[in-house]
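Trainee: Got a structure here, written out as structure tokens. Questions coming.
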Amino acid sequence: MWINHHWTCYVFFTLCCLNRATFGAILDSRCYLEGGGSAESFLATEDLAVGSIIGKLRINGDPNAETGDINLSLREKNAPVEIHAGTKELALSVELDKEGVRGPSSIYVNVICVRRHSTDPSFVIPVNVRVTDVNDNAPEWIGTPYTLTLSEVTVPGTRILQGARAEDADQPGPFSTVEYQVLPGPYSEYVQFLNPLEGTLVLRKALDYEQLRNFTVKLRAQDQGTPPRHSDTLLRVVITDADDQNPKFQRESYSAEIPVDGRPGELRMRPEPLKAVDQDEGICAPIQYTIVQSQDAKYFRIHPHNGAISLLTPIGYADVANGATLVVKATQIDNPDRYALTTVQLTRPGSHSDLSTLAFVQKRFVMRIREDTAVGNRILALPTNKPGKHLKYTIPDPVNSQFFSVGSLGELVLAKPLDYEKMTKHEFQVLATDGMTNSTAELTLDVIDVNDWEPRFRETHYEFMVPKSSLQSRVDSFEGVLIGKVEAADGDRNDKLELSLRGQHAGLFEIDATGNIYMRPEQLQSLNESTVHLIAIATDTGVPPRSTSVPVSVTMEGLTLAQSGWNSNMLGMFGMIMGLFLMIIVALSCYIVRSKKQGKSASSGLGLGRNRVHSQAHSSVSSANLVTHEKLAGNGNGNGASVTSGGVSVLHMKHGGNITMANPINNGLHHVASGASSSMALGSSAALLERERERERERDRERQRESYAATVRSIVSRASANGQLFEEDEIEHDSLQTENNNRKVAATGAASGGVTTITTTSANAGSNLLSATDAMGSSENNLTVYF
């Protein structure tokens with residue numbers, strides 16, 4: 001019992017000691033960050049003043065110099081921040097700048113914390129100070145000041161300046177977003193920015209060089225900060241003159257007196273010489289003077305450069321008894337559309353014409369005008385004897401007053417577009433008044449038609465169906481089948497339309513002037529489609545011509561039936577052609593077979609067409625130069641034989657019996673000839689044999705000639721050895737006449753070996769001559785035997 005109690009006390013005492021040691025270690029949290037962090041972070045605006053407190057370090061412990069238990073310091077030297085002595089406050093020591101120009105844009109330092117009265121090592125705590133941006137930079141204009149040069153005819157709304165730009169050095173965001181504006185002030189109504197966020201300036205109001213030569217406005221670039229920052233610059237605009245003003249006479253009217261005697265000469269103008277100048281001072285275009293044609297203008301002439309008027313021809317008093325009024329026109333040489341008019345009153349001395357009465361120079365004006373003339377164009381000048389701005393012109397006709405108006409100088413201006421299709425002519429009066437007197441002029445304006453309308457079809461797509469009955473009833477007819485009608489019209493009054501069809505099968509159809517479409521049944525054989533797609537085109541006769549098109553579909557119900565009939569006809573024709581072709585082939589085959597049979601018969605009858613037997617009455621014997629002649633003693637009866645063979649000499653031999661000669665060229669053919677003279681000839685029929693076999697046979701014949709020549713030489717040698725040779729002069733003729741059956745010749749050829757044996761028998765003849773001659777080298781290889 002006592003032992004258990006003692007053990008329990010010991011365990012309790014041990015646990016208490018351990019808990020006390022552990023709790024004492026945990027309680028020493030000096031130099032640790034509150035919340036258990038490992039680094040400290042602060043935010044500071046870039047406009048924070050130097051010396052201001054950035055924040056307080058959240059480090060456990062007291063840094064008081066007397067009663068504190070920790071010491072705080074910075075590891076970095078010349079750090080942009082500092083720690084106030086005896087406190088945890090972190091103060092700014094340099095100026096901050098988010099852009100990094102005037103100071104650092106961020107701070108990173110290390111704080112060293114040391115526990116007093118302890119041997120523990122020091123603690124290093126990282127501290128990060130992030131600098132936030134403020135709107136401390138104003139936008140700055142790039143490339144200022146701006147200067148522009150504009151023509152006075154620049155149209156309002158034109159972009160006159162692009163790329164005006166101001167940059168803000170602040171960080172991206174509202175502090176660096178720039179807006180542009182034109183500050184209120186003199187001439188600020190002339191320009192404006194197209195978009196506040198874009199530096200593009202546009203002209204807002206029309207310019208006039210004669211009223212304003214240049215002006216300056218102030219531009220502002222401002223960011224979106226609170227409060228915003230801005231910068232201003234100037235824009236100077238220089239206006240240049242353009243040819244937008246008509247010339248102007250120094251006086252509204254002039255006067256002059258015609259000489260009493262009417263002699264030609266220069267007239268003196270009053271109150272000053274006639275002169276006009278260009279009101280565009282920046283251009284000052286040269287002026288040319290002319291006199292507007294009138295009844296009295298034929299008597300006068302004006303100098304084109306100085307405006308001096310002269311009487312051209314002598315005139316009598318009665319010609320211009322009441323005076324005359326000339327209208328003078330001053331035109332810019334570089335632009336005929338810029339001109340001015342004035343009048344010159346001509347009087348005779350002593351006349352009492354009332355010049356104060358207003359009157360048009362002409363009572364009637366006639367002209368032609370195109371219907372596409374633009375609204376606002378000046379059409380015609382209506383001069384009076386009192387031109388000026390104080391005159392008032394009116395058009396009494398309410399209809400034509402909508403189309404035309406008259407300016408203060410008497411120029412007729414188009415106020416409404418013309419339309420030839422609605423009104424081809426405008427006839428109306430113009431009334432002019434100066435407040436005291438009135439004058440009226442009649443105007444006739446003929447409108448010229450312009451091709452301003454395209455043809456139009458009634459429908460946007462036409463579809464037609466061809467019934468089966470129409471197609472079958474006229475399949476063999478050349479009459480067209482009406483399948484439908486297309487309708488087209490043109491808004492121009494005098495234009496006519498021409499209709500045509502286009503497409504792959506357009507040739508099967510026709511269209512007339514009224515739009516009727518016809519089908520040609522005789523040409524449908526080439527069609528393999530039941531629906532044909534066409535394009536109908538309408539073209540007018542205007543200048544230039546205009547055209548329009550519309551799709552057309554034609555469906556043929558009876559096309560299949562019609563095509564079946566057409567295919568039968570075509571099949572019959574094809575069968576006839578094939579039958580004729582077969583007949584030609586059979587005829588040619590028969591002809592070829594017959595020709596072959598005839599060729600074989602001819603070859604058999606002619607002995608292969610190679611050798612023939614000829615009989616000759618006489619034959620001349622030629623001397624040979626290959627074998628020498630030898631004389632032998634004979635019986636003196638004059639019998640002998642002569643043999644000629646190719647290059648072998650003719651030899652004369654005595655004949656006392658039979659002579660047998662072999663001819664290897666005969667090819668086994670047997671010929672018998674009787675008479676005074678017989679000839680055997682072999683001929684060829686080369687037309688029925690192939691050329692290749694002919695060449696082979698030619699080579700065979702060459703070999704046979706050589707063999708035959710050798711045979712003849714052998715016979716001559718044997719005859720010479722027997723002493724049967726004669727001299728050439730012993731024989732006068734080498735041929736014998738066959739008379740009264742005094743000689744018989746039997747020629748038999750042995751078929752074996754292809755040898756021909758020639759036997760000559762002499763009965764009572766005084767001399768017998770046997771000549772075996774082979775015409776070597778000839779194409780027939782003839783062997784001729786003479787008796």
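Please note that chains go A, B, ... in the order of the structure tokens, that every chain numbers its residues from 1, and that ligands are numbered from 1 in the order shown.
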Tell me, as a VMD selection string, which residues lie within 6 Å of stretch 151-159 of chain A, counting only C-alpha atoms; anything in the same chain fewer than 2 positions away does not count.
Mentor: chain A and resid 161 201 to 209 239 to 242
Trainee: If you count only C-alpha atoms, which residues fall within 10 Å of stretch 407-422 of chain A, apart from same-chain ones fewer than 2 positions away, as a ChimeraX atom specification?
Mentor: /A:340-342,360,369-384,386-394,400-405,424-426,430,432,446-452,491-494
Trainee: So what do you get for atom CA of A:Leu326 versus atom CA of A:Phe300, distance-wise?
Mentor: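 That distance, rounded to one decimal, is 8.9 Å.
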Trainee: When you look at stretch 528-543 of chain A with a cut-off of 6 Å (counting only C-alpha atoms), what residues show up, excluding the ones that are within fewer than 3 positions of it in the same chain? I need them as a PyMOL selection string.
Mentor: chain A and resi 451+495-503+546-556
Trainee: If I take atom CA of A:Asp136 and atom CA of A:Thr45, how far is one from the other in Å, to one decimal?
Mentor: 10.8 Å
Trainee: Using DSSP assignments from the backbone, pull out every residue in stretch 230-372 of chain A that falls under strand (DSSP E or B) and give it to me as a PyMOL selection string.
Mentor: chain A and resi 230-240+247-249+253-257+265-266+270+276-278+287-291+300-302+309-311+324-332+339-347+360+364-370
